[in-house]
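Listing of run.pdb; format and content: PDB, C-alpha atoms and all ligand atoms.
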ATOM      1  CA  MET A   1      14.199  27.137  12.649
ATOM      2  CA  GLN A   2      16.353  24.573  14.386
ATOM      3  CA  TRP A   3      17.937  21.301  13.371
ATOM      4  CA  THR A   4      15.412  18.620  14.348
ATOM      5  CA  GLY A   5      15.818  14.838  14.235
ATOM      6  CA  LEU A   6      13.455  12.762  12.098
ATOM      7  CA  ASN A   7      11.967  10.926  15.080
ATOM      8  CA  GLU A   8      11.330  14.185  16.869
ATOM      9  CA  LEU A   9       9.635  15.664  13.788
ATOM     10  CA  ARG A  10       7.285  12.696  13.578
ATOM     11  CA  GLU A  11       6.278  13.189  17.192
ATOM     12  CA  LYS A  12       5.855  16.958  16.833
ATOM     13  CA  TYR A  13       3.530  16.484  13.868
ATOM     14  CA  LEU A  14       1.338  13.815  15.442
ATOM     15  CA  SER A  15       1.008  15.650  18.755
ATOM     16  CA  PHE A  16       0.235  18.937  16.972
ATOM     17  CA  PHE A  17      -2.719  17.318  15.214
ATOM     18  CA  GLU A  18      -3.811  15.594  18.418
ATOM     19  CA  SER A  19      -4.014  19.080  19.910
ATOM     20  CA  LYS A  20      -6.420  19.909  17.036
ATOM     21  CA  GLY A  21      -8.782  17.088  17.978
ATOM     22  CA  HIS A  22      -7.323  14.305  15.813
ATOM     23  CA  LEU A  23      -7.087  10.686  16.860
ATOM     24  CA  ARG A  24      -3.548   9.345  16.399
ATOM     25  CA  LEU A  25      -3.531   5.908  14.775
ATOM     26  CA  ASP A  26      -0.620   3.537  14.158
ATOM     27  CA  SER A  27       0.657   3.136  10.635
ATOM     28  CA  PHE A  28      -1.414   0.607   8.694
ATOM     29  CA  PRO A  29       0.443  -2.428   7.271
ATOM     30  CA  LEU A  30       1.981  -2.108   3.798
ATOM     31  CA  VAL A  31      -0.353  -4.771   2.427
ATOM     32  CA  PRO A  32      -3.676  -3.205   1.378
ATOM     33  CA  LYS A  33      -6.830  -4.797   2.785
ATOM     34  CA  ASN A  34      -9.766  -5.393   0.409
ATOM     35  CA  ASP A  35      -8.313  -3.112  -2.253
ATOM     36  CA  ASN A  36      -7.301  -4.685  -5.557
ATOM     37  CA  SER A  37      -6.288  -1.377  -7.103
ATOM     38  CA  LEU A  38      -2.967  -1.282  -5.201
ATOM     39  CA  LEU A  39      -0.093  -3.719  -4.647
ATOM     40  CA  LEU A  40       1.374  -1.817  -1.740
ATOM     41  CA  ILE A  41       0.269   1.086   0.422
ATOM     42  CA  ASN A  42       1.703   4.209  -1.186
ATOM     43  CA  SER A  43       0.174   7.086   0.780
ATOM     44  CA  GLY A  44      -1.363   7.923   4.118
ATOM     45  CA  MET A  45      -4.889   7.941   2.737
ATOM     46  CA  ALA A  46      -4.757   4.615   0.871
ATOM     47  CA  PRO A  47      -5.848   2.438   3.828
ATOM     48  CA  MET A  48      -8.688   4.840   4.693
ATOM     49  CA  LYS A  49     -10.643   4.881   1.416
ATOM     50  CA  LYS A  50     -13.827   3.487   2.983
ATOM     51  CA  TRP A  51     -13.805   6.248   5.601
ATOM     52  CA  PHE A  52     -13.448   8.900   2.903
ATOM     53  CA  LEU A  53     -16.316   7.465   0.907
ATOM     54  CA  GLY A  54     -18.555   7.165   3.960
ATOM     55  CA  GLN A  55     -18.805   3.377   3.419
ATOM     56  CA  GLU A  56     -17.518   2.649   6.917
ATOM     57  CA  GLU A  57     -17.608   4.660  10.125
ATOM     58  CA  PRO A  58     -14.076   5.827  11.144
ATOM     59  CA  PRO A  59     -13.024   5.657  14.826
ATOM     60  CA  CYS A  60     -12.982   9.491  14.757
ATOM     61  CA  HIS A  61     -13.774  12.023  12.010
ATOM     62  CA  ARG A  62     -10.296  13.560  12.472
ATOM     63  CA  VAL A  63      -7.350  11.196  12.261
ATOM     64  CA  THR A  64      -3.580  11.659  12.094
ATOM     65  CA  THR A  65      -0.986   9.055  11.120
ATOM     66  CA  CYS A  66       2.569   8.492  10.057
ATOM     67  CA  GLN A  67       2.180   5.842   7.352
ATOM     68  CA  LYS A  68       4.836   3.452   6.005
ATOM     69  CA  CYS A  69       4.762   3.813   2.206
ATOM     70  CA  ILE A  70       6.374   2.106  -0.747
ATOM     71  CA  ARG A  71       6.530   3.546  -4.259
ATOM     72  CA  THR A  72       8.430   1.616  -6.896
ATOM     73  CA  PRO A  73       7.794   3.247 -10.296
ATOM     74  CA  ASP A  74      11.272   4.812 -10.136
ATOM     75  CA  ILE A  75      13.065   1.729  -8.859
ATOM     76  CA  GLU A  76      15.649   1.879 -11.675
ATOM     77  CA  ARG A  77      16.556   5.430 -10.662
ATOM     78  CA  VAL A  78      17.156   4.561  -7.020
ATOM     79  CA  GLY A  79      20.830   4.844  -6.219
ATOM     80  CA  ILE A  80      21.683   6.531  -9.514
ATOM     81  CA  THR A  81      20.253   9.745  -8.133
ATOM     82  CA  ALA A  82      20.208  10.766  -4.489
ATOM     83  CA  ARG A  83      16.602  11.925  -4.939
ATOM     84  CA  HIS A  84      14.846   8.643  -5.468
ATOM     85  CA  GLY A  85      13.900   6.048  -2.904
ATOM     86  CA  THR A  86      11.356   3.257  -2.621
ATOM     87  CA  TYR A  87      10.481   3.625   1.054
ATOM     88  CA  PHE A  88       9.290   6.652   2.966
ATOM     89  CA  GLU A  89       7.033   7.656   5.814
ATOM     90  CA  MET A  90       4.115   9.941   5.125
ATOM     91  CA  LEU A  91       2.699  12.251   7.758
ATOM     92  CA  GLY A  92      -0.973  13.008   7.315
ATOM     93  CA  ASN A  93      -3.992  14.622   8.876
ATOM     94  CA  PHE A  94      -7.370  13.538   7.617
ATOM     95  CA  SER A  95     -10.911  14.802   7.869
ATOM     96  CA  PHE A  96     -13.762  12.467   7.068
ATOM     97  CA  GLN A  97     -16.713  14.707   6.267
ATOM     98  CA  ASP A  98     -15.573  17.032   9.067
ATOM     99  CA  TYR A  99     -13.344  20.137   8.532
ATOM    100  CA  PHE A 100     -12.389  21.293   5.026
ATOM    101  CA  LYS A 101     -10.078  23.726   3.219
ATOM    102  CA  LYS A 102      -9.997  26.585   5.714
ATOM    103  CA  GLU A 103      -8.860  24.546   8.713
ATOM    104  CA  ALA A 104      -6.506  22.268   6.754
ATOM    105  CA  THR A 105      -4.756  25.291   5.298
ATOM    106  CA  ALA A 106      -4.522  27.250   8.548
ATOM    107  CA  TRP A 107      -3.148  24.275  10.500
ATOM    108  CA  ALA A 108      -0.561  23.407   7.870
ATOM    109  CA  TRP A 109       0.652  26.988   7.991
ATOM    110  CA  GLU A 110       0.649  27.069  11.796
ATOM    111  CA  PHE A 111       2.625  23.827  12.019
ATOM    112  CA  LEU A 112       5.310  24.921   9.568
ATOM    113  CA  THR A 113       5.728  28.535  10.637
ATOM    114  CA  LYS A 114       4.878  28.435  14.377
ATOM    115  CA  VAL A 115       5.798  24.949  15.574
ATOM    116  CA  LEU A 116       8.793  24.389  13.284
ATOM    117  CA  GLU A 117       9.498  28.112  12.885
ATOM    118  CA  ILE A 118      10.237  27.895   9.165
ATOM    119  CA  PRO A 119      10.484  31.502   7.887
ATOM    120  CA  ALA A 120       7.308  32.308   5.945
ATOM    121  CA  GLU A 121       9.256  33.940   3.107
ATOM    122  CA  LEU A 122      10.857  30.577   2.298
ATOM    123  CA  LEU A 123       7.483  28.947   1.665
ATOM    124  CA  TYR A 124       5.558  28.984  -1.637
ATOM    125  CA  ILE A 125       2.058  27.733  -2.364
ATOM    126  CA  SER A 126       0.460  26.182  -5.428
ATOM    127  CA  VAL A 127      -3.266  25.761  -5.980
ATOM    128  CA  TYR A 128      -5.318  24.046  -8.693
ATOM    129  CA  GLU A 129      -6.018  26.422 -11.585
ATOM    130  CA  ASP A 130      -9.781  26.721 -10.967
ATOM    131  CA  ASP A 131      -9.655  26.685  -7.191
ATOM    132  CA  ASP A 132     -10.356  30.321  -6.343
ATOM    133  CA  GLU A 133     -11.553  29.308  -2.918
ATOM    134  CA  ALA A 134      -8.121  27.910  -1.988
ATOM    135  CA  TRP A 135      -6.403  30.913  -3.580
ATOM    136  CA  ASP A 136      -8.508  33.288  -1.463
ATOM    137  CA  ILE A 137      -7.917  31.350   1.759
ATOM    138  CA  TRP A 138      -4.145  31.483   1.264
ATOM    139  CA  THR A 139      -3.982  35.100   0.170
ATOM    140  CA  LYS A 140      -6.742  36.694   2.280
ATOM    141  CA  ASP A 141      -7.068  34.576   5.438
ATOM    142  CA  ILE A 142      -3.449  33.473   5.824
ATOM    143  CA  GLY A 143      -1.955  36.541   4.151
ATOM    144  CA  ILE A 144       0.402  34.954   1.608
ATOM    145  CA  ALA A 145       1.711  37.479  -0.903
ATOM    146  CA  GLU A 146       0.649  36.767  -4.485
ATOM    147  CA  ASP A 147       4.268  36.498  -5.617
ATOM    148  CA  HIS A 148       4.524  33.414  -3.389
ATOM    149  CA  MET A 149       1.498  31.780  -5.014
ATOM    150  CA  VAL A 150       1.139  29.813  -8.265
ATOM    151  CA  ARG A 151      -1.712  28.071 -10.069
ATOM    152  CA  PHE A 152      -1.091  24.702 -11.726
ATOM    153  CA  GLY A 153      -3.209  22.416 -13.912
ATOM    154  CA  LYS A 154      -4.514  18.922 -13.430
ATOM    155  CA  GLU A 155      -1.194  17.192 -13.882
ATOM    156  CA  ASP A 156       0.340  18.874 -10.846
ATOM    157  CA  ASN A 157      -2.523  19.903  -8.641
ATOM    158  CA  PHE A 158      -5.173  17.246  -8.866
ATOM    159  CA  TRP A 159      -4.478  14.219  -6.717
ATOM    160  CA  GLU A 160      -5.645  10.712  -7.563
ATOM    161  CA  HIS A 161      -4.085   7.304  -7.329
ATOM    162  CA  GLY A 162      -5.990   4.334  -8.697
ATOM    163  CA  SER A 163      -9.679   4.494  -7.945
ATOM    164  CA  GLY A 164     -11.286   6.141  -4.925
ATOM    165  CA  PRO A 165     -11.348   9.550  -3.268
ATOM    166  CA  CYS A 166      -9.520  12.345  -5.071
ATOM    167  CA  GLY A 167      -9.660  16.063  -5.730
ATOM    168  CA  PRO A 168      -7.847  19.339  -6.347
ATOM    169  CA  CYS A 169      -4.870  20.009  -4.129
ATOM    170  CA  SER A 170      -2.661  22.739  -2.820
ATOM    171  CA  GLU A 171       1.039  22.152  -2.314
ATOM    172  CA  ILE A 172       3.540  23.839  -0.028
ATOM    173  CA  TYR A 173       7.101  24.272  -1.312
ATOM    174  CA  PHE A 174      10.278  25.164   0.536
ATOM    175  CA  ASP A 175      12.831  27.422  -1.148
ATOM    176  CA  ARG A 176      16.281  25.915  -0.576
ATOM    177  CA  GLY A 177      17.943  29.007  -2.002
ATOM    178  CA  PRO A 178      19.313  30.137  -5.368
ATOM    179  CA  GLU A 179      22.522  28.126  -4.884
ATOM    180  CA  HIS A 180      20.430  24.946  -5.352
ATOM    181  CA  GLY A 181      18.657  26.269  -8.446
ATOM    182  CA  CYS A 182      19.332  25.893 -12.152
ATOM    183  CA  GLY A 183      19.883  29.648 -12.472
ATOM    184  CA  LYS A 184      17.715  29.839 -15.604
ATOM    185  CA  PRO A 185      15.657  33.034 -15.938
ATOM    186  CA  GLY A 186      12.302  31.242 -15.715
ATOM    187  CA  CYS A 187      13.229  29.205 -12.621
ATOM    188  CA  LYS A 188      10.324  29.201 -10.168
ATOM    189  CA  VAL A 189       8.137  26.837  -8.170
ATOM    190  CA  GLY A 190       7.489  23.793 -10.321
ATOM    191  CA  CYS A 191      10.908  23.955 -12.024
ATOM    192  CA  ASP A 192      12.620  20.575 -12.330
ATOM    193  CA  CYS A 193      15.742  21.729 -10.522
ATOM    194  CA  ASP A 194      16.489  21.280  -6.828
ATOM    195  CA  ARG A 195      15.666  24.777  -5.599
ATOM    196  CA  TYR A 196      11.970  24.513  -4.674
ATOM    197  CA  MET A 197      11.202  21.338  -2.795
ATOM    198  CA  GLU A 198       7.596  20.211  -2.466
ATOM    199  CA  VAL A 199       6.991  19.251   1.145
ATOM    200  CA  TRP A 200       3.276  19.039   1.826
ATOM    201  CA  ASN A 201       0.283  18.166  -0.279
ATOM    202  CA  LEU A 202      -3.164  19.216   0.940
ATOM    203  CA  VAL A 203      -5.803  17.317  -1.009
ATOM    204  CA  PHE A 204      -9.329  18.666  -0.981
ATOM    205  CA  SER A 205     -10.846  15.318  -1.533
ATOM    206  CA  GLN A 206     -14.285  15.916  -2.970
ATOM    207  CA  PHE A 207     -14.737  13.284  -5.704
ATOM    208  CA  ASP A 208     -14.881   9.509  -5.955
ATOM    209  CA  SER A 209     -13.108   8.270  -9.076
ATOM    210  CA  ASP A 210     -13.826   4.886 -10.648
ATOM    211  CA  GLY A 211     -10.285   4.873 -12.037
ATOM    212  CA  LYS A 212     -11.603   5.190 -15.615
ATOM    213  CA  GLY A 213     -12.039   8.938 -15.743
ATOM    214  CA  ASN A 214     -15.481   9.201 -14.148
ATOM    215  CA  TYR A 215     -15.806  11.423 -11.099
ATOM    216  CA  THR A 216     -18.736  11.509  -8.710
ATOM    217  CA  ARG A 217     -18.954  14.496  -6.403
ATOM    218  CA  LEU A 218     -19.042  13.439  -2.741
ATOM    219  CA  GLU A 219     -21.904  14.870  -0.766
ATOM    220  CA  ARG A 220     -19.594  15.823   2.078
ATOM    221  CA  PRO A 221     -15.959  16.483   1.197
ATOM    222  CA  ASN A 222     -12.853  15.340   3.054
ATOM    223  CA  ILE A 223      -9.311  16.416   3.718
ATOM    224  CA  ASP A 224      -6.337  14.220   2.918
ATOM    225  CA  THR A 225      -2.910  15.700   3.529
ATOM    226  CA  GLY A 226       0.451  14.075   2.991
ATOM    227  CA  MET A 227       3.911  15.272   3.909
ATOM    228  CA  GLY A 228       6.969  13.095   3.366
ATOM    229  CA  LEU A 229       8.667  12.817   6.736
ATOM    230  CA  GLU A 230      12.118  12.424   5.179
ATOM    231  CA  ARG A 231      11.504  15.495   2.958
ATOM    232  CA  LEU A 232      10.540  17.547   5.970
ATOM    233  CA  ALA A 233      13.656  16.270   7.743
ATOM    234  CA  CYS A 234      15.767  17.441   4.773
ATOM    235  CA  VAL A 235      14.345  20.935   5.279
ATOM    236  CA  MET A 236      14.851  20.920   9.049
ATOM    237  CA  GLN A 237      18.319  19.400   8.864
ATOM    238  CA  GLY A 238      19.521  21.599   5.997
ATOM    239  CA  VAL A 239      20.457  18.612   3.821
ATOM    240  CA  GLY A 240      19.819  18.003   0.145
ATOM    241  CA  ASN A 241      18.488  14.471   0.088
ATOM    242  CA  LEU A 242      17.067  11.502   1.924
ATOM    243  CA  PHE A 243      20.415   9.784   2.396
ATOM    244  CA  GLU A 244      21.722  12.689   4.495
ATOM    245  CA  VAL A 245      18.812  12.605   6.957
ATOM    246  CA  ASP A 246      19.947  11.475  10.434
ATOM    247  CA  THR A 247      18.130   8.120  10.683
ATOM    248  CA  VAL A 248      18.802   7.131   7.061
ATOM    249  CA  ARG A 249      22.421   8.254   7.309
ATOM    250  CA  ALA A 250      22.806   5.868  10.273
ATOM    251  CA  ILE A 251      21.917   2.947   7.979
ATOM    252  CA  LEU A 252      24.196   4.277   5.258
ATOM    253  CA  ASN A 253      27.054   4.495   7.777
ATOM    254  CA  HIS A 254      26.494   0.863   8.629
ATOM    255  CA  VAL A 255      26.701  -0.090   4.943
ATOM    256  CA  GLU A 256      30.028   1.780   4.842
ATOM    257  CA  LYS A 257      31.223  -0.149   7.858
ATOM    258  CA  ILE A 258      30.269  -3.570   6.476
ATOM    259  CA  SER A 259      31.739  -2.834   3.041
ATOM    260  CA  GLY A 260      34.794  -0.909   4.200
ATOM    261  CA  LYS A 261      33.943   1.776   1.605
ATOM    262  CA  THR A 262      33.490   5.488   2.208
ATOM    263  CA  TYR A 263      30.452   7.342   0.874
ATOM    264  CA  GLY A 264      31.220  10.341  -1.305
ATOM    265  CA  GLU A 265      34.536   9.164  -2.732
ATOM    266  CA  ASP A 266      33.482   7.335  -5.867
ATOM    267  CA  ALA A 267      30.311   7.759  -7.928
ATOM    268  CA  LYS A 268      29.853   4.041  -8.629
ATOM    269  CA  THR A 269      30.365   3.005  -5.034
ATOM    270  CA  ASP A 270      27.893   5.682  -3.938
ATOM    271  CA  ILE A 271      25.206   4.190  -6.196
ATOM    272  CA  SER A 272      25.595   0.787  -4.536
ATOM    273  CA  ILE A 273      25.643   2.249  -1.028
ATOM    274  CA  ARG A 274      22.442   4.167  -1.759
ATOM    275  CA  VAL A 275      20.673   1.168  -3.314
ATOM    276  CA  ILE A 276      21.388  -0.979  -0.259
ATOM    277  CA  THR A 277      20.464   1.802   2.190
ATOM    278  CA  ASP A 278      17.129   2.390   0.482
ATOM    279  CA  HIS A 279      16.204  -1.212  -0.254
ATOM    280  CA  ILE A 280      16.938  -2.486   3.250
ATOM    281  CA  ARG A 281      14.366   0.011   4.507
ATOM    282  CA  SER A 282      11.617  -1.160   2.144
ATOM    283  CA  THR A 283      12.365  -4.885   2.376
ATOM    284  CA  THR A 284      12.569  -4.899   6.183
ATOM    285  CA  PHE A 285       9.134  -3.350   6.464
ATOM    286  CA  MET A 286       7.667  -5.532   3.712
ATOM    287  CA  VAL A 287       8.837  -8.733   5.386
ATOM    288  CA  SER A 288       7.679  -7.426   8.793
ATOM    289  CA  ASP A 289       4.219  -7.003   7.274
ATOM    290  CA  GLY A 290       4.137 -10.606   6.104
ATOM    291  CA  ILE A 291       5.198 -10.346   2.439
ATOM    292  CA  MET A 292       7.322 -13.238   1.160
ATOM    293  CA  PRO A 293       9.481 -13.255  -1.981
ATOM    294  CA  SER A 294       7.641 -14.783  -4.952
ATOM    295  CA  ASN A 295       7.279 -14.641  -8.712
ATOM    296  CA  GLU A 296       4.304 -12.326  -8.808
ATOM    297  CA  GLY A 297       2.613  -9.318  -7.305
ATOM    298  CA  ARG A 298       4.047  -7.728  -4.195
ATOM    299  CA  GLY A 299       6.171 -10.801  -3.533
ATOM    300  CA  TYR A 300       7.909 -10.123  -6.826
ATOM    301  CA  VAL A 301       8.528  -6.503  -5.856
ATOM    302  CA  LEU A 302      10.147  -7.773  -2.645
ATOM    303  CA  ARG A 303      12.246 -10.320  -4.522
ATOM    304  CA  ARG A 304      13.447  -7.706  -6.951
ATOM    305  CA  LEU A 305      14.433  -5.299  -4.178
ATOM    306  CA  LEU A 306      16.267  -8.030  -2.256
ATOM    307  CA  ARG A 307      18.156  -9.172  -5.329
ATOM    308  CA  ARG A 308      19.182  -5.633  -6.199
ATOM    309  CA  ALA A 309      20.415  -5.002  -2.645
ATOM    310  CA  ALA A 310      22.362  -8.282  -2.563
ATOM    311  CA  ARG A 311      23.872  -7.674  -6.011
ATOM    312  CA  HIS A 312      25.041  -4.196  -5.028
ATOM    313  CA  GLY A 313      26.624  -5.747  -1.935
ATOM    314  CA  ARG A 314      28.674  -7.973  -4.260
ATOM    315  CA  MET A 315      29.604  -4.913  -6.284
ATOM    316  CA  LEU A 316      30.989  -3.366  -3.109
ATOM    317  CA  GLY A 317      33.063  -6.503  -2.559
ATOM    318  CA  ILE A 318      30.982  -8.026   0.235
ATOM    319  CA  THR A 319      31.061 -11.804  -0.238
ATOM    320  CA  ARG A 320      29.078 -13.016   2.790
ATOM    321  CA  PRO A 321      25.341 -12.687   3.411
ATOM    322  CA  PHE A 322      25.108  -9.231   4.995
ATOM    323  CA  LEU A 323      21.598  -7.846   4.614
ATOM    324  CA  THR A 324      20.414  -9.284   7.930
ATOM    325  CA  GLU A 325      23.072  -7.213   9.700
ATOM    326  CA  LEU A 326      21.343  -4.082   8.437
ATOM    327  CA  VAL A 327      17.799  -5.036   9.458
TER     328      VAL A 327
HETATM  329  N1  LIG B 401      -2.773  11.531  -0.988
HETATM  330  C1  LIG B 401      -1.896  12.643  -1.117
HETATM  331  C2  LIG B 401      -0.476  12.257  -1.448
HETATM  332  O1  LIG B 401      -0.152  11.100  -1.391
HETATM  333  C3  LIG B 401      -1.903  13.429   0.162
HETATM  334  O2  LIG B 401      -1.844  12.573   1.241
HETATM  335  O3  LIG B 401       0.311  13.117  -1.749
END
Take the structure in the file and give it back as structure tokens.
Ligand code: SER
Amino acid sequence: MQWTGLNELREKYLSFFESKGHLRLDSFPLVPKNDNSLLLINSGMAPMKKWFLGQEEPPCHRVTTCQKCIRTPDIERVGITARHGTYFEMLGNFSFQDYFKKEATAWAWEFLTKVLEIPAELLYISVYEDDDEAWDIWTKDIGIAEDHMVRFGKEDNFWEHGSGPCGPCSEIYFDRGPEHGCGKPGCKVGCDCDRYMEVWNLVFSQFDSDGKGNYTRLERPNIDTGMGLERLACVMQGVGNLFEVDTVRAILNHVEKISGKTYGEDAKTDISIRVITDHIRSTTFMVSDGIMPSNEGRGYVLRRLLRRAARHGRMLGITRPFLTELV
């Protein structure tokens, strides 16, 4: 496997799925349309719910996108750790009542091991505890050794977000090596430490949830996959976190330049540099999609992010308005 830039990875993914008959669509805006269950788009599938449920005809039954996403539940952790961020891009390939588990699994494997040439022995697979079909596809059709497979329960391997399409999933993990692990005897896929990084989530979307715990089986199931582009870039660039990825690092370098501070020299300074680097990404895209700061809803999320970024600028000693220089 070779060092690959984030922009190049995005293109490789989308063109790979075009070669498998998918229609490439632009990212949808961050503001959900006709969906009150979400403030902001948080995954590749979120803008496509009607296509999954068969309520609207999609432009093609196979679609691939790279979707702008915002997730803010961990906003307080952003900066404090190098793991958390509010903005990311999600690569996805989707089947609306077209192909199902077999194809989704085989193509994910082909993309990672043939196109990106990630050594197979560094990849681990989880499946939902009852999903023998997925287990058999991975072990028998693809040939994954059982010691590279795990079964997890609903908390880890059943994907749902708000109401709408959902189902059991299978996740692909990359082993960053024992030097990144906690070293504890029981350390394996699913451990909280930094050794096994989840990169791709294949959701076998076969239910419609009303968001209150009731699931209706869909007559014809779908595929919804999601792979964090920045996570994949971490793997392909041999770096430990989002802030070291080429395109994000370029923003971080600019924050260093404006503030006259150097990243990696002082823990407190690093927190501020990371907060600004992350928040300028989310706020730029939010404003570009028409969100304005306000006291409620998504406008409040924007206001909070902007205020945090500006405050951390002050903490770095920047006294002039500077966020526009990063846009
Ligand atoms: N919806 C799933 C996720 O967000 C896969 O796209 O992880």
Can I get the residues of chain A within 10 Å of ligand LIG 401 (chain B), each with the closest pair of atoms and their distance in Å to one decimal, using all atoms listed in the file, sorted chain first then ascending number, as CSV?
residue,atom,partner,partner_atom,distance
A:Asn42,CA,B:LIG401,O1,7.1
A:Ser43,CA,B:LIG401,O1,4.6
A:Gly44,CA,B:LIG401,O2,5.5
A:Met45,CA,B:LIG401,N1,5.6
A:Ala46,CA,B:LIG401,N1,7.4
A:Gln67,CA,B:LIG401,O2,9.9
A:Cys69,CA,B:LIG401,O1,9.5
A:Met90,CA,B:LIG401,O2,7.6
A:Leu91,CA,B:LIG401,O2,8.0
A:Gly92,CA,B:LIG401,O2,6.2
A:Asn93,CA,B:LIG401,O2,8.2
A:Phe94,CA,B:LIG401,O2,8.5
A:Phe158,CA,B:LIG401,C1,9.6
A:Trp159,CA,B:LIG401,C1,6.4
A:Glu160,CA,B:LIG401,N1,7.2
A:His161,CA,B:LIG401,N1,7.7
A:Pro165,CA,B:LIG401,N1,9.1
A:Cys166,CA,B:LIG401,N1,7.9
A:Gly167,CA,B:LIG401,N1,9.5
A:Cys169,CA,B:LIG401,C3,8.4
A:Ser170,CA,B:LIG401,C3,9.8
A:Glu171,CA,B:LIG401,O3,9.1
A:Val199,CA,B:LIG401,O3,9.5
A:Trp200,CA,B:LIG401,O3,7.5
A:Asn201,CA,B:LIG401,C3,5.2
A:Leu202,CA,B:LIG401,C3,6.0
A:Val203,CA,B:LIG401,C3,5.6
A:Phe204,CA,B:LIG401,C3,9.2
A:Ser205,CA,B:LIG401,N1,8.9
A:Ile223,CA,B:LIG401,C3,8.7
A:Asp224,CA,B:LIG401,O2,5.1
A:Thr225,CA,B:LIG401,O2,4.0
A:Gly226,CA,B:LIG401,O2,3.3
A:Met227,CA,B:LIG401,O2,6.9
A:Gly228,CA,B:LIG401,O3,8.4
For the residues selected in the previous step, produce a file with C-alpha atoms as a short mmCIF file (atom, residue, chain, number, x, y, z; two decimals), in the coordinates of the input.
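Wrote part_28.cif, looks like this:
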data_model
loop_
_atom_site.label_atom_id
_atom_site.label_comp_id
_atom_site.auth_asym_id
_atom_site.auth_seq_id
_atom_site.Cartn_x
_atom_site.Cartn_y
_atom_site.Cartn_z
CA ASN A 42 1.70 4.21 -1.19
CA SER A 43 0.17 7.09 0.78
CA GLY A 44 -1.36 7.92 4.12
CA MET A 45 -4.89 7.94 2.74
CA ALA A 46 -4.76 4.62 0.87
CA GLN A 67 2.18 5.84 7.35
CA CYS A 69 4.76 3.81 2.21
CA MET A 90 4.12 9.94 5.12
CA LEU A 91 2.70 12.25 7.76
CA GLY A 92 -0.97 13.01 7.32
CA ASN A 93 -3.99 14.62 8.88
CA PHE A 94 -7.37 13.54 7.62
CA PHE A 158 -5.17 17.25 -8.87
CA TRP A 159 -4.48 14.22 -6.72
CA GLU A 160 -5.64 10.71 -7.56
CA HIS A 161 -4.08 7.30 -7.33
CA PRO A 165 -11.35 9.55 -3.27
CA CYS A 166 -9.52 12.34 -5.07
CA GLY A 167 -9.66 16.06 -5.73
CA CYS A 169 -4.87 20.01 -4.13
CA SER A 170 -2.66 22.74 -2.82
CA GLU A 171 1.04 22.15 -2.31
CA VAL A 199 6.99 19.25 1.14
CA TRP A 200 3.28 19.04 1.83
CA ASN A 201 0.28 18.17 -0.28
CA LEU A 202 -3.16 19.22 0.94
CA VAL A 203 -5.80 17.32 -1.01
CA PHE A 204 -9.33 18.67 -0.98
CA SER A 205 -10.85 15.32 -1.53
CA ILE A 223 -9.31 16.42 3.72
CA ASP A 224 -6.34 14.22 2.92
CA THR A 225 -2.91 15.70 3.53
CA GLY A 226 0.45 14.08 2.99
CA MET A 227 3.91 15.27 3.91
CA GLY A 228 6.97 13.10 3.37
#
field: Shortest interatomic distance to Leu122 (chain A) - which of A:Asp210, A:Glu230, A:Glu155, A:Glu198, counting all atoms listed in the file
entry: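 Answer, going by the shortest atom-to-atom distance: A:Glu198.
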7 Å contact set for region 24-40 of chain A, all atoms listed in the file, chain neighbours under 3 positions out, as a list in words: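 Non-adjacent residues within range: Leu14, Glu18, Pro47, Val63, Thr64, Thr65, Cys66, Gln67, Lys68, Cys69, Ile70, Gly162, Ser163, Met286, Asp289, Gly297 and Arg298 of chain A.
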Restricting the output to C-alpha atoms, write the selected residues as a PDB file, in the frame of the given file.
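See selection23.pdb below for the written result:
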ATOM      1  CA  LEU A  14       1.338  13.815  15.442  1.00  0.00           C
ATOM      2  CA  GLU A  18      -3.811  15.594  18.418  1.00  0.00           C
ATOM      3  CA  PRO A  47      -5.848   2.438   3.828  1.00  0.00           C
ATOM      4  CA  VAL A  63      -7.350  11.196  12.261  1.00  0.00           C
ATOM      5  CA  THR A  64      -3.580  11.659  12.094  1.00  0.00           C
ATOM      6  CA  THR A  65      -0.986   9.055  11.120  1.00  0.00           C
ATOM      7  CA  CYS A  66       2.569   8.492  10.057  1.00  0.00           C
ATOM      8  CA  GLN A  67       2.180   5.842   7.352  1.00  0.00           C
ATOM      9  CA  LYS A  68       4.836   3.452   6.005  1.00  0.00           C
ATOM     10  CA  CYS A  69       4.762   3.813   2.206  1.00  0.00           C
ATOM     11  CA  ILE A  70       6.374   2.106  -0.747  1.00  0.00           C
ATOM     12  CA  GLY A 162      -5.990   4.334  -8.697  1.00  0.00           C
ATOM     13  CA  SER A 163      -9.679   4.494  -7.945  1.00  0.00           C
ATOM     14  CA  MET A 286       7.667  -5.532   3.712  1.00  0.00           C
ATOM     15  CA  ASP A 289       4.219  -7.003   7.274  1.00  0.00           C
ATOM     16  CA  GLY A 297       2.613  -9.318  -7.305  1.00  0.00           C
ATOM     17  CA  ARG A 298       4.047  -7.728  -4.195  1.00  0.00           C
TER      18      ARG A 298
END
field: Atom pair CA of Gly79 (chain A) / CA of Ser288 (chain A): separation (Å)
entry: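 CA of Ser288 (chain A) lies at a distance of 23.4 Å from CA of Gly79 (chain A).
Those residues that approach Tyr196 (chain A) to within 6 Å, counting all atoms listed in the file, are Tyr173, Phe174, Asp175 and Val189 of chain A; same-chain residues fewer than 3 positions away are not listed.
CA of Ala309 (chain A) lies 4.8 Å from CA of Ile276 (chain A).
Note that the spacing between CA of Thr216 (chain A) and CA of Tyr128 (chain A) amounts to 18.4 Å.
If you measure from each of A:Gly164, A:Gly183, A:Cys193, A:Gly240 to Lys212 (chain A) using all atoms listed in the file, the closest one turns out to be A:Gly164.
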